Structure formats: C-alpha cells, structure tokens
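J.: Contents of entry_19.txt (compact mmCIF, C-alpha atoms):
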# COMPACT_ATOMS: atom_id res chain seq x y z
CA MET A 262 -9.15 4.06 -26.64
CA ASN A 263 -7.69 0.80 -27.91
CA LYS A 264 -7.81 -2.72 -26.49
CA ARG A 265 -4.84 -2.06 -24.20
CA ASP A 266 -6.52 1.01 -22.70
CA HIS A 267 -9.59 -1.04 -21.83
CA GLN A 268 -7.41 -3.68 -20.17
CA ILE A 269 -5.61 -1.03 -18.14
CA LEU A 270 -8.82 0.67 -16.99
CA GLN A 271 -10.51 -2.64 -16.16
CA ILE A 272 -7.72 -3.28 -13.66
CA ALA A 273 -7.02 0.31 -12.56
CA ILE A 274 -10.55 1.55 -11.81
CA PRO A 275 -11.52 -1.23 -9.33
CA SER A 276 -8.11 -0.82 -7.70
CA ILE A 277 -8.68 2.92 -7.30
CA VAL A 278 -12.04 2.25 -5.65
CA SER A 279 -10.37 -0.29 -3.33
CA ASN A 280 -7.63 2.19 -2.41
CA ILE A 281 -10.16 4.87 -1.54
CA THR A 282 -12.11 2.53 0.74
CA VAL A 283 -9.05 1.23 2.65
CA PRO A 284 -8.59 4.36 4.84
CA LEU A 285 -12.24 4.13 5.81
CA LEU A 286 -11.52 1.10 8.01
CA GLY A 287 -9.42 3.23 10.35
CA MET A 288 -11.70 6.28 10.03
CA ILE A 289 -14.73 4.24 11.06
CA ASP A 290 -13.04 3.13 14.28
CA VAL A 291 -11.97 6.70 15.07
CA ALA A 292 -15.46 8.05 14.39
CA ILE A 293 -17.04 5.52 16.74
CA VAL A 294 -14.61 6.00 19.63
CA GLY A 295 -14.81 9.75 19.11
CA HIS A 296 -18.31 9.64 20.60
CA MET A 297 -17.47 7.54 23.67
CA GLY A 298 -16.90 10.53 25.93
CA SER A 299 -13.13 10.33 26.47
CA ALA A 300 -10.11 11.27 24.39
CA VAL A 301 -8.19 8.23 25.65
CA TYR A 302 -10.33 5.99 23.45
CA ILE A 303 -9.33 7.98 20.37
CA GLY A 304 -5.69 7.81 21.40
CA ALA A 305 -5.91 4.06 21.99
CA VAL A 306 -7.34 3.38 18.53
CA ALA A 307 -4.80 5.77 16.97
CA VAL A 308 -1.89 3.91 18.63
CA GLY A 309 -3.33 0.48 17.87
CA SER A 310 -4.06 1.34 14.24
CA MET A 311 -0.57 2.77 13.82
CA ILE A 312 0.99 -0.46 15.08
CA PHE A 313 -0.95 -2.71 12.74
CA ASN A 314 -0.67 -0.36 9.78
CA LEU A 315 3.12 -0.37 10.20
CA VAL A 316 3.39 -4.14 10.68
CA TYR A 317 1.07 -5.02 7.80
CA TRP A 318 2.75 -2.49 5.54
CA LEU A 319 6.10 -4.19 6.14
CA PHE A 320 4.56 -7.49 5.09
CA GLY A 321 2.90 -6.05 2.00
CA PHE A 322 5.41 -8.11 0.01
CA LEU A 323 2.98 -11.02 0.39
CA ARG A 324 0.64 -9.22 -2.00
CA MET A 325 3.25 -7.82 -4.38
CA GLY A 326 5.30 -11.00 -4.62
CA SER A 327 2.19 -13.06 -5.37
CA SER A 328 1.00 -10.58 -7.99
CA GLY A 329 4.17 -10.48 -10.08
CA LEU A 330 4.94 -14.20 -10.08
CA THR A 331 1.30 -15.14 -10.73
CA SER A 332 0.89 -12.74 -13.66
CA GLN A 333 4.06 -14.13 -15.26
CA ALA A 334 2.89 -17.72 -14.81
CA LEU A 335 -0.45 -16.76 -16.34
CA GLY A 336 1.35 -15.20 -19.30
CA ARG A 337 3.23 -18.47 -19.83
CA ARG A 338 -0.09 -20.35 -19.46
CA ASP A 339 1.52 -22.43 -16.72
CA MET A 340 -1.60 -23.08 -14.68
CA ALA A 341 0.12 -25.60 -12.43
CA GLU A 342 2.52 -22.83 -11.37
CA VAL A 343 -0.40 -20.45 -10.88
CA VAL A 344 -1.96 -22.89 -8.42
CA ARG A 345 1.36 -23.58 -6.67
CA LEU A 346 1.89 -19.85 -6.15
CA LEU A 347 -1.58 -19.47 -4.65
CA VAL A 348 -1.22 -22.32 -2.17
CA SER A 349 2.39 -21.59 -1.17
CA SER A 350 1.78 -17.84 -0.77
CA VAL A 351 -1.27 -18.34 1.45
CA ALA A 352 0.56 -21.00 3.47
CA ILE A 353 3.51 -18.65 4.05
CA ALA A 354 1.15 -15.81 5.01
CA LEU A 355 -0.67 -17.96 7.55
CA GLY A 356 2.66 -19.17 8.93
CA ILE A 357 3.85 -15.60 9.48
CA ALA A 358 0.50 -14.72 11.07
CA LEU A 359 0.82 -17.67 13.47
CA LEU A 360 4.26 -16.38 14.41
CA PHE A 361 2.73 -12.97 15.17
CA ILE A 362 0.22 -14.57 17.53
CA VAL A 363 2.85 -16.68 19.29
CA LEU A 364 5.16 -13.65 19.72
CA GLN A 365 2.43 -11.10 20.41
CA THR A 366 3.69 -10.16 23.90
CA PRO A 367 7.26 -9.16 22.91
CA MET A 368 5.87 -7.64 19.71
CA LYS A 369 3.48 -5.43 21.70
CA TRP A 370 6.23 -4.41 24.14
CA LEU A 371 8.55 -3.43 21.27
CA MET A 372 5.89 -1.40 19.43
CA PHE A 373 4.76 0.38 22.62
CA TRP A 374 8.39 1.24 23.39
CA PHE A 375 8.78 2.63 19.88
CA ILE A 376 5.56 4.69 19.86
CA GLY A 377 5.49 5.62 23.55
CA PRO A 378 1.76 6.02 24.34
CA THR A 379 0.91 8.01 27.46
CA ALA A 380 0.03 6.24 30.71
CA ASP A 381 -3.71 6.88 30.35
CA VAL A 382 -3.84 5.64 26.74
CA ALA A 383 -1.56 2.61 27.08
CA PRO A 384 -4.02 0.24 28.89
CA PHE A 385 -6.75 0.80 26.29
CA ALA A 386 -4.26 0.55 23.42
CA SER A 387 -3.06 -2.73 24.94
CA THR A 388 -6.64 -4.04 25.00
CA TYR A 389 -7.09 -3.04 21.36
CA PHE A 390 -3.83 -4.77 20.39
CA ASP A 391 -4.64 -7.98 22.33
CA ILE A 392 -7.85 -8.40 20.32
CA VAL A 393 -6.86 -7.17 16.84
CA ILE A 394 -3.70 -9.31 16.76
CA TRP A 395 -5.98 -12.33 16.28
CA GLY A 396 -7.00 -10.91 12.93
CA ALA A 397 -3.46 -11.39 11.57
CA PRO A 398 -4.23 -14.70 9.78
CA ALA A 399 -7.14 -13.08 7.96
CA MET A 400 -5.21 -9.92 7.03
CA LEU A 401 -2.03 -11.62 5.80
CA GLY A 402 -3.99 -14.38 4.10
CA LEU A 403 -6.03 -11.74 2.32
CA TYR A 404 -2.81 -10.02 1.22
CA SER A 405 -1.73 -13.18 -0.57
CA LEU A 406 -5.15 -13.76 -2.08
CA SER A 407 -5.45 -10.15 -3.28
CA GLY A 408 -2.02 -10.35 -4.92
CA TRP A 409 -3.00 -13.58 -6.62
CA PHE A 410 -6.27 -12.07 -7.89
CA ILE A 411 -4.37 -9.09 -9.31
CA GLY A 412 -1.90 -11.45 -10.96
CA MET A 413 -4.90 -13.18 -12.54
CA GLN A 414 -5.93 -9.76 -13.98
CA ASN A 415 -8.90 -9.55 -11.59
CA THR A 416 -9.16 -6.45 -9.39
CA ARG A 417 -12.95 -6.57 -9.11
CA ILE A 418 -12.86 -9.19 -6.35
CA PRO A 419 -10.44 -7.15 -4.14
CA MET A 420 -12.65 -4.08 -4.75
CA PHE A 421 -15.78 -5.97 -3.68
CA ILE A 422 -14.03 -7.31 -0.59
CA SER A 423 -12.82 -3.82 0.45
CA ILE A 424 -16.33 -2.38 0.19
CA MET A 425 -17.84 -5.35 2.00
CA GLN A 426 -15.30 -5.14 4.82
CA ASN A 427 -16.22 -1.52 5.50
CA ILE A 428 -19.92 -2.36 5.69
CA VAL A 429 -19.27 -5.29 8.03
CA ASN A 430 -16.94 -3.18 10.18
CA ILE A 431 -19.54 -0.44 10.58
CA LEU A 432 -22.35 -2.83 11.46
CA ALA A 433 -20.27 -5.03 13.79
CA SER A 434 -18.61 -2.15 15.65
CA LEU A 435 -21.84 -0.19 16.10
CA THR A 436 -23.64 -3.29 17.35
CA LEU A 437 -20.92 -4.28 19.80
CA VAL A 438 -20.29 -0.74 21.10
CA TYR A 439 -23.80 0.64 21.35
CA GLY A 440 -25.74 -2.62 21.50
CA PHE A 441 -23.56 -4.45 24.02
CA GLY A 442 -21.65 -1.54 25.58
CA LEU A 443 -18.20 -3.03 24.92
CA LYS A 444 -16.44 0.28 24.15
CA ILE A 445 -12.82 -0.24 23.00
CA GLU A 446 -13.28 -4.01 23.01
CA GLY A 447 -16.27 -3.64 20.68
CA VAL A 448 -14.32 -1.51 18.20
CA ALA A 449 -11.44 -4.01 18.18
CA MET A 450 -13.75 -7.00 17.79
CA GLY A 451 -15.60 -5.24 14.97
CA THR A 452 -12.30 -4.79 13.14
CA VAL A 453 -11.40 -8.48 13.54
CA ILE A 454 -14.87 -9.58 12.40
CA ALA A 455 -14.51 -7.43 9.27
CA GLN A 456 -11.06 -8.88 8.58
CA TYR A 457 -12.26 -12.48 8.78
CA ALA A 458 -15.38 -11.65 6.78
CA GLY A 459 -13.13 -10.33 4.01
CA PHE A 460 -10.89 -13.41 4.11
CA ILE A 461 -13.81 -15.85 4.09
CA VAL A 462 -15.52 -14.06 1.21
CA ALA A 463 -12.21 -14.06 -0.70
CA VAL A 464 -11.93 -17.84 -0.26
CA VAL A 465 -15.56 -18.34 -1.34
CA LEU A 466 -15.06 -16.22 -4.47
CA LEU A 467 -11.81 -18.03 -5.16
CA MET A 468 -13.62 -21.37 -5.17
CA ARG A 469 -16.54 -19.93 -7.13
CA TYR A 470 -14.52 -18.46 -10.00
CA TYR A 471 -11.26 -20.42 -9.92
CA GLY A 472 -12.24 -23.75 -8.40
CA ARG A 473 -11.70 -25.46 -11.75
CA LEU A 474 -7.96 -24.81 -11.38
CA SER A 475 -7.78 -27.34 -8.54
CA ARG A 476 -7.07 -30.06 -11.11
CA TYR A 477 -3.65 -28.49 -11.61
CA PHE A 478 -2.69 -28.91 -7.96
CA GLN A 479 0.50 -30.95 -7.46
CA ARG A 480 1.40 -31.66 -3.84
CA LYS A 481 4.90 -32.99 -4.54
CA ARG A 482 6.10 -29.82 -6.31
CA LEU A 483 4.24 -27.34 -4.12
CA PHE A 484 7.28 -25.37 -2.95
CA ARG A 485 9.43 -25.87 -6.05
CA HIS A 486 10.12 -22.17 -6.52
CA ILE A 487 10.08 -21.15 -2.88
CA GLY A 488 13.62 -19.75 -3.22
CA VAL A 489 12.53 -17.37 -5.98
CA PHE A 490 9.48 -16.37 -3.94
CA PHE A 491 11.58 -15.44 -0.92
CA LYS A 492 14.21 -13.69 -3.04
CA VAL A 493 11.55 -11.47 -4.61
CA ASN A 494 9.88 -10.83 -1.27
CA ARG A 495 13.18 -10.14 0.50
CA ASP A 496 13.91 -7.28 -1.88
CA ILE A 497 10.38 -5.90 -1.49
CA PHE A 498 10.61 -6.16 2.31
CA LEU A 499 13.91 -4.27 2.45
CA ARG A 500 12.57 -1.69 -0.02
CA THR A 501 9.53 -1.23 2.24
CA LEU A 502 11.84 -0.62 5.20
CA CYS A 503 13.34 2.30 3.26
CA LEU A 504 9.86 3.70 2.61
CA VAL A 505 8.85 3.30 6.25
CA ALA A 506 12.04 5.03 7.45
CA VAL A 507 11.40 8.02 5.17
CA ASN A 508 7.72 8.32 6.07
CA LEU A 509 8.28 8.00 9.81
CA PHE A 510 11.10 10.54 9.69
CA PHE A 511 8.94 12.94 7.68
CA THR A 512 6.35 12.89 10.47
CA SER A 513 8.86 13.10 13.32
CA ALA A 514 10.81 15.96 11.68
CA GLY A 515 7.59 17.90 11.29
CA ALA A 516 6.71 17.24 14.93
CA ARG A 517 10.05 18.68 16.08
CA SER A 518 9.13 21.93 14.29
CA GLY A 519 6.05 22.44 16.45
CA ALA A 520 2.35 21.61 16.38
CA VAL A 521 1.49 24.09 13.62
CA ILE A 522 4.14 22.82 11.16
CA LEU A 523 3.24 19.22 12.03
CA SER A 524 -0.40 19.99 11.23
CA VAL A 525 0.55 21.73 7.97
CA ASN A 526 2.64 18.76 6.85
CA THR A 527 -0.13 16.34 7.80
CA VAL A 528 -2.75 18.29 5.85
CA LEU A 529 -0.55 18.71 2.76
CA MET A 530 0.44 15.05 2.89
CA GLN A 531 -3.24 14.22 2.43
CA LEU A 532 -2.96 15.76 -1.04
CA TYR A 533 -0.12 13.35 -1.76
CA LEU A 534 -2.27 10.46 -0.52
CA PHE A 535 -5.21 11.51 -2.72
CA PHE A 536 -2.88 11.35 -5.73
CA SER A 537 -1.42 8.02 -4.64
CA TYR A 538 -4.89 6.41 -4.47
CA PHE A 539 -5.30 6.98 -8.21
CA MET A 540 -1.73 6.23 -9.29
CA ASP A 541 -1.66 2.98 -7.33
CA GLY A 542 -4.56 1.80 -9.50
CA PHE A 543 -2.44 2.23 -12.62
CA ALA A 544 0.52 0.68 -10.79
CA TYR A 545 -1.64 -2.43 -10.21
CA ALA A 546 -2.40 -2.45 -13.94
CA GLY A 547 1.35 -2.37 -14.52
CA GLU A 548 1.76 -5.34 -12.18
CA ALA A 549 -0.92 -7.45 -13.83
CA LEU A 550 -0.46 -6.59 -17.51
CA GLY A 551 3.30 -6.05 -17.31
CA GLY A 552 3.81 -9.39 -15.60
CA LYS A 553 1.50 -11.24 -17.99
CA THR A 554 3.11 -9.88 -21.16
CA PHE A 555 6.59 -10.39 -19.72
CA GLY A 556 5.77 -13.98 -18.78
CA ALA A 557 4.49 -14.58 -22.31
CA ARG A 558 7.72 -13.06 -23.72
CA ASN A 559 5.53 -10.74 -25.78
CA THR A 560 7.74 -7.65 -25.96
CA ILE A 561 5.41 -5.92 -28.43
CA ALA A 562 2.48 -6.17 -26.00
CA LEU A 563 4.72 -5.13 -23.09
CA ARG A 564 5.95 -2.06 -24.98
CA GLU A 565 2.38 -1.07 -25.86
CA THR A 566 1.26 -1.61 -22.27
CA LEU A 567 4.02 0.68 -21.01
CA GLN A 568 3.18 3.35 -23.60
CA ARG A 569 -0.49 3.38 -22.66
CA LEU A 570 0.30 3.31 -18.93
CA TRP A 571 2.50 6.38 -19.30
CA MET A 572 -0.22 8.09 -21.30
CA TRP A 573 -2.82 7.54 -18.56
CA ALA A 574 -0.30 8.42 -15.86
CA SER A 575 0.48 11.70 -17.63
CA ILE A 576 -3.21 12.57 -17.87
CA VAL A 577 -3.83 11.87 -14.17
CA THR A 578 -0.68 13.78 -13.20
CA GLY A 579 -1.73 16.79 -15.27
CA VAL A 580 -5.23 16.84 -13.81
CA TYR A 581 -3.99 16.58 -10.22
CA THR A 582 -1.37 19.26 -10.77
CA LEU A 583 -3.98 21.69 -12.12
CA VAL A 584 -6.39 20.86 -9.28
CA TYR A 585 -3.70 21.48 -6.68
CA ILE A 586 -2.54 24.73 -8.31
CA PHE A 587 -6.00 26.22 -8.62
CA GLY A 588 -7.78 24.44 -5.77
CA GLY A 589 -5.05 23.64 -3.27
CA GLU A 590 -5.94 26.48 -0.90
CA TRP A 591 -9.59 25.43 -0.96
CA LEU A 592 -8.63 21.81 -0.18
CA VAL A 593 -6.58 22.98 2.79
CA ARG A 594 -9.60 24.95 4.09
CA LEU A 595 -11.72 21.84 3.59
CA LEU A 596 -9.32 19.70 5.61
CA THR A 597 -8.86 22.12 8.53
CA ASP A 598 -10.62 25.12 10.03
CA GLU A 599 -7.67 26.06 12.27
CA PRO A 600 -6.62 29.64 11.30
CA GLN A 601 -2.94 29.17 12.22
CA VAL A 602 -2.64 26.03 10.15
CA ARG A 603 -4.37 27.59 7.14
CA GLU A 604 -2.11 30.63 7.27
CA ALA A 605 1.07 28.61 7.67
CA ALA A 606 0.05 26.23 4.87
CA HIS A 607 0.05 29.12 2.40
CA ALA A 608 3.87 29.20 2.48
CA PHE A 609 4.16 25.48 1.69
CA ILE A 610 1.21 24.79 -0.61
CA TRP A 611 3.35 25.04 -3.73
CA TRP A 612 5.24 21.90 -2.72
CA ALA A 613 1.95 20.02 -3.19
CA TRP A 614 1.89 21.29 -6.79
CA LEU A 615 5.16 19.42 -7.45
CA ILE A 616 4.20 16.12 -5.83
CA PRO A 617 2.25 14.56 -8.77
CA ALA A 618 4.98 15.21 -11.33
CA ALA A 619 7.71 14.18 -8.87
CA GLY A 620 6.05 10.90 -7.92
CA VAL A 621 4.45 9.62 -11.12
CA MET A 622 7.50 7.68 -12.37
CA ALA A 623 8.03 5.98 -9.01
CA PHE A 624 4.41 4.79 -8.86
CA ILE A 625 4.27 3.38 -12.39
CA TRP A 626 7.71 1.77 -12.27
CA ASP A 627 6.93 0.17 -8.90
CA GLY A 628 3.94 -1.58 -10.49
CA VAL A 629 5.87 -2.66 -13.58
CA PHE A 630 8.86 -3.85 -11.54
CA VAL A 631 6.59 -5.94 -9.31
CA GLY A 632 5.01 -7.47 -12.42
CA ILE A 633 8.32 -8.41 -14.04
CA THR A 634 9.78 -9.27 -10.58
CA ALA A 635 12.69 -6.86 -11.05
CA THR A 636 12.56 -6.29 -7.31
CA ARG A 637 16.28 -5.66 -6.94
CA GLY A 638 15.77 -2.47 -8.97
CA MET A 639 13.02 -1.40 -6.56
CA LEU A 640 15.31 -1.97 -3.58
CA VAL A 641 18.30 -0.14 -5.10
CA SER A 642 16.18 2.85 -6.18
CA SER A 643 14.52 3.15 -2.76
CA PHE A 644 17.84 2.84 -0.93
CA ILE A 645 19.55 5.52 -3.05
CA ALA A 646 16.48 7.76 -2.80
CA ALA A 647 16.37 7.36 0.99
CA LEU A 648 20.04 8.32 1.28
CA LEU A 649 19.42 11.46 -0.80
CA PHE A 650 16.31 12.24 1.26
CA PHE A 651 18.21 12.29 4.55
CA SER A 652 21.23 14.03 3.03
CA THR A 653 19.10 16.79 1.51
CA TYR A 654 17.24 17.39 4.73
CA TYR A 655 20.23 17.50 7.07
CA VAL A 656 22.27 19.72 4.75
CA LEU A 657 19.49 22.29 4.26
CA CYS A 658 17.26 22.13 7.35
CA GLY A 659 19.35 24.72 9.17
CA PHE A 660 18.89 27.18 6.30
CA ILE A 661 15.33 26.73 5.01
CA GLY A 662 13.62 24.85 7.84
CA ASN A 663 10.52 22.85 6.90
CA HIS A 664 11.06 23.64 3.21
CA ALA A 665 14.08 21.33 3.43
CA LEU A 666 11.79 18.49 4.45
CA TRP A 667 9.53 19.00 1.45
CA LEU A 668 12.48 19.41 -0.90
CA ALA A 669 13.90 16.16 0.44
CA GLN A 670 10.53 14.46 -0.21
CA VAL A 671 10.49 15.68 -3.82
CA VAL A 672 14.10 14.60 -4.33
CA TYR A 673 13.24 11.21 -2.86
CA LEU A 674 10.31 10.64 -5.23
CA VAL A 675 12.15 11.84 -8.34
CA THR A 676 15.22 9.75 -7.52
CA ARG A 677 13.19 6.55 -7.21
CA GLY A 678 11.66 7.12 -10.63
CA VAL A 679 14.92 8.10 -12.35
CA VAL A 680 16.92 5.17 -10.94
CA GLN A 681 14.19 2.71 -11.92
CA THR A 682 14.07 4.16 -15.44
CA VAL A 683 17.82 3.60 -15.81
CA TRP A 684 17.55 0.13 -14.27
CA PHE A 685 14.74 -0.90 -16.66
CA ARG A 686 16.78 0.20 -19.68
CA ARG A 687 19.77 -1.77 -18.42
CA LEU A 688 17.59 -4.90 -18.22
CA GLY A 689 17.10 -4.65 -22.01
CA ILE A 690 13.71 -6.39 -21.76
CA LEU A 691 12.14 -4.57 -24.72
CA SER A 692 15.04 -5.53 -26.98
CA LEU A 693 14.75 -9.27 -26.36
How does the structure come out when it is put into structure tokens?
T.:
Amino acid sequence: MNKRDHQILQIAIPSIVSNITVPLLGMIDVAIVGHMGSAVYIGAVAVGSMIFNLVYWLFGFLRMGSSGLTSQALGRRDMAEVVRLLVSSVAIALGIALLFIVLQTPMKWLMFWFIGPTADVAPFASTYFDIVIWGAPAMLGLYSLSGWFIGMQNTRIPMFISIMQNIVNILASLTLVYGFGLKIEGVAMGTVIAQYAGFIVAVVLLMRYYGRLSRYFQRKRLFRHIGVFFKVNRDIFLRTLCLVAVNLFFTSAGARSGAVILSVNTVLMQLYLFFSYFMDGFAYAGEALGGKTFGARNTIALRETLQRLWMWASIVTGVYTLVYIFGGEWLVRLLTDEPQVREAAHAFIWWAWLIPAAGVMAFIWDGVFVGITATRGMLVSSFIAALLFFSTYYVLCGFIGNHALWLAQVVYLVTRGVVQTVWFRRLGILSL
C-alpha cells in the first residue's frame, strides 16, 4: 500500500464502523418495545422511526454540502473559509430544526396521512413523534458537524460519536422504561437524550481539536458564499428526493405482490444494505480526499486518489459478490426462519449477486462528486436513473412480476454510475 491507500483507509474504516452502528439506534428501540407486552408499541416505534428517518434523510445535504465545500477550502488552505463554512452550516441546520419544531403539528399530520398508521398504533406513534421532534436541533446540527469533520479529513470523531450515542441510548432507554416505567415515552426520551449527547460531545471535541481555528472567524463575511452553499445543497436535496421515490416505490411495489414477496424483497435488500455500509466508507474517502485535492488544484493527487479508490472499490465488490454467490442462501436463512420466505427467496437470490457490481460506480462517484461539489451531475444522474427505474418496472412487471422490480433496481444503480462517469469526463477536471 502507498501513502494514498493509507489516507483512504484512515477515512474509510472509521466511516464503515459508523455506518454499521447507525442502524443500531433504531434496532435498540425496537428491541426494548418488543418486550413491553403489546405489538402496538412496536408499531408505534416503527412508524415514528420511519418518519424521522425519511425527514432526516431528505436533509442529509447538510452533511454532504458541508463535507465537499470544507474539503476544498482545506485544500486551498483557506482556513477563514473553513471556519465560515462550519458556523454558517450549523446555523442553517439549527434554523431548519427550529422550523421543524414550530411546524411540528402540520408536519405530523402530513406524515401520518402519508404512512397511514392503524387506529391502535396512531396514539402511541403520536406520543413518540411529539417527544423525538425536539431532538431535531441535535440531529441536524450533528449532520453539519459530521460533514465538516469529514471535510477536515477526520472520520474518527463521527465514529466515536456514533458508538457513544448507541451506548447512551441503551442506558437511557432501559433506565426510563424499566426504572421509571415510562414505556413509549421512555424510549422516545432515550432517543432524544442520545441525540443531544452526540451533539454536545461533537461540540466539545470540536473545541478540543479545532478550537485554535477560532482566530480565523470573521463575523462580517460569515455568509459570503451562502449562495453557493444553497446551490450545492439544492441539487443534493432534489437528488435525494429521487432516491426516496425509488426506495419507497420499491417497498410499496413489493407489498402489492403479497406478504411473502414483500418479505423476500426486504430480506434481500438487507444484502444491499450490508454492501452499502462498506462502500459508503470509501465514498466518504472520495468526499474528503477528492475535495481536498480538487481544492488544491492538484490534478496528479486527484488522479491517484481516484485510481486507488477504484482499486479498493473493486476489491470490496469482488469479495461481496463471491460471498453472496456462495453464501447468499445461508445469509437468507440467517435473516429469516420462515419456510415460505426462504423458498421464495431462492428464485430471486441471484439478483443479490448483481447488486455489488451494479452499484459500485454510483457509490464512489457520489462521494467524489460531493467532494468536488459537482452536485448537478448527481442530480441529473439520479433523475435519469429514476425515470429508467419506473419505465423498466412498468413495461415488464406484467410479464416477469417481481423480477421486473429487481431488474429496475439494477438498471437504476448502473445508470447512476454510467451517467456520472460521462459527466465527470465532460468536466475535464483531470486535464486542467
């Protein structure tokens, strides 16, 4: 391994660990309410978690926009801009969070109308929402801080915060539920406590390791590049809408095919998620290193970074493909003991073999495009891919059923990667 490989792994490995721990926050809540003696508690947490996962996913641009612009400013050694990006990004995040709190009633009504929880689940889901919404400032503020840390080539702090949040969530929820008998309120409060614990620790670590940068703070020019910030984030937001539309439709289309097919799709989609946890780590490396070298106008370093990223991506893709080919059936049995689901999954398991190779380009290019803030390319690729996804499904669903859904998913992933490859070449960055 050369110097560039070490830089990539120093960013990718902590990010992979962080990605793996993120789903635990929701799993912990489900595990706790699963022992409360009623299925309505599980349903309430499922509905509440779905709402906040969807909302926060849509505002993930706060992290990605901060990461790309910060890494470029760092590459230019413009520390005043680095500080401006930190302060303005956090301020915008807290402003959006305040808007969430002010508009929480119509927001809850809209999300409940969209999801449609049953009459017995709705009151408990409402209680969960009314409490967890107050964690919005911590969550969105942490998005901006995490993006800034990644832009500063530091993924160890986000990794530490993710692990710490899970520990706090477990301890707080268990104490409130079983120590104080708060039930759904205790689970919701435990989640909010963990969110604010993460945000506070992030601020403390920021001051501990980057406090010296405060001398670069300039109040008068704080929002000098706010137009660029919103332009980048607008593209990422619209691109995320395309991703949300595809993912929600994938679930709903499976549900219309019956409980067994829905279960099969859900189980096989876990294999896609397992792959994404690893590839996102290398995407973060693309954000940080790609943005830094691009900001420094060092095309030689950027070219080498891309070459080494593709090498590592190819290795991970090959390993996952082999694991899924030879161990896919075993993974399905590990994820479910339902005989009907296992039997039905046999006819679709080979689609999981194609997912790593189909998605690798999209993951890596997403990271690189965030780093170089070529967000319009991300939006265009996602929009074209979404159109092909829906077209493929509706043309073929009447002939090959659920296979059309998986084919559409593969087409969607490949299209994103191919369009971004063409877009990057048109930018001519490596020839500058």
J.: As an MDAnalysis selection string, please: the residues near range 377-392 of chain A (cut-off 10 Å, only C-alpha atoms, same-chain neighbours under 2 positions excluded).
T.: chainID A and resid 300:310 312:313 362 365:366 369:375 394:396 444:453
J.: Show me, as a PyMOL selection string, the residues that have an atom within 12 Å of Phe587 in chain A when counting all atoms listed in the file, minus same-chain residues fewer than 5 positions from it.
T.: chain A and resi 580-582+592-593+610-611+613-614
J.: Mind checking which residues fall within 10 Å of range 332-336 of chain A, counting all atoms listed in the file, ignoring those fewer than 3 positions away in the same chain, and posting them as a count of residues only?
T.: 33
J.: Find the distance between CA of Val464 in chain A and CA of Ala544 in chain A and write it in Å to one decimal.
T.: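 CA of Ala544 in chain A lies at a distance of 24.7 Å from CA of Val464 in chain A.
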J.: Mind giving me the straight-line distance from CA of Leu315 in chain A to CA of Phe498 in chain A in Å, one decimal?
T.: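 Going from CA of Leu315 in chain A over to CA of Phe498 in chain A, I get 12.3 Å.
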J.: Just checking: using all atoms listed in the file, which residue out of A:Pro419, A:Gly402, A:Gly442, A:Pro275 ends up closest to Ile353 in chain A?
T.: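 Once distances to Ile353 in chain A are computed over all atoms listed in the file, the minimum belongs to A:Gly402.
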J.: Hey, can you check how far CA of Val602 in chain A sits from CA of Leu523 in chain A?
T.: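 Interatomic distance here is 9.2 Å.
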J.: Return the single residue from A:Arg345, A:Val675, A:Phe660, A:Ile645 that is closest to Gln479 in chain A, with distances computed using all atoms listed in the file.
T.: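 Among the listed residues, A:Arg345 lies closest to Gln479 in chain A.
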J.: Point out the residue among A:Met311, A:Ala562, A:Ile293, A:Ala618 with the least atom-to-atom distance to Thr436 in chain A, counting all atoms listed in the file.
T.: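 Under the stated criterion, the closest residue is A:Ile293.
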J.: Quick one: of A:His607, A:Arg686, A:Arg569, A:Lys492, who's nearest to Ile625 in chain A, counting all atoms listed in the file?
T.: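 Of the candidates, the smallest distance to Ile625 in chain A is held by A:Arg569.
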J.: Restricting the calculation to all atoms listed in the file: of A:Leu502, A:Val528, A:Ala574, A:Val363, which residue gets closest to Glu599 in chain A?
T.: A:Val528
J.: Identify the residues within 9 Å of coordinate (10.4, 22.0, -3.3) (same frame as the file), considering all atoms listed in the file, and give the answer as a PyMOL selection string.
T.: chain A and resi 609+611-613+615-616+664-672
J.: Give me, as a tab-separated table, each residue of range 451-523 of chain A that comes within 9 Å of range 322-326 of chain A, together with its shortest interatomic pair and the distance in Å at one decimal, counting all atoms listed in the file, with rows ordered by chain and rising residue number.
T.:
residue	atom	partner	partner_atom	distance
A:Phe490	CA	A:Gly326	CA	6.8
A:Phe491	CA	A:Gly326	CA	8.5
A:Val493	CA	A:Gly326	CA	6.3
A:Asn494	CA	A:Phe322	CA	5.4
A:Arg495	CA	A:Phe322	CA	8.0
A:Asp496	CA	A:Phe322	CA	8.7
A:Ile497	CA	A:Phe322	CA	5.6
A:Phe498	CA	A:Phe322	CA	6.0
A:Thr501	CA	A:Phe322	CA	8.3
J.: Export C-alpha atoms of the chosen residues as an mmCIF file, in the coordinates of the input?
T.:
data_model
loop_
_atom_site.group_PDB
_atom_site.id
_atom_site.type_symbol
_atom_site.label_atom_id
_atom_site.label_comp_id
_atom_site.auth_asym_id
_atom_site.auth_seq_id
_atom_site.Cartn_x
_atom_site.Cartn_y
_atom_site.Cartn_z
ATOM 1 C CA PHE A 490 9.480 -16.370 -3.940
ATOM 2 C CA PHE A 491 11.580 -15.440 -0.920
ATOM 3 C CA VAL A 493 11.550 -11.470 -4.610
ATOM 4 C CA ASN A 494 9.880 -10.830 -1.270
ATOM 5 C CA ARG A 495 13.180 -10.140 0.500
ATOM 6 C CA ASP A 496 13.910 -7.280 -1.880
ATOM 7 C CA ILE A 497 10.380 -5.900 -1.490
ATOM 8 C CA PHE A 498 10.610 -6.160 2.310
ATOM 9 C CA THR A 501 9.530 -1.230 2.240
#
J.: Find the residues near Val462 in chain A: any atom within 12 Å, counting all atoms listed in the file, skip ones fewer than 4 places away on the same chain, and give them as a list in words.
T.: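 Surrounding residues, per the criterion: Ala399, Gly402, Leu403, Leu406, Ser407, Ile418, Pro419, Met420, Phe421, Ile422, Ser423, Ile424, Met425, Gln426, Val429, Ala455, Gln456, Tyr457, Ala458, Leu466, Leu467, Met468 and Arg469 of chain A.
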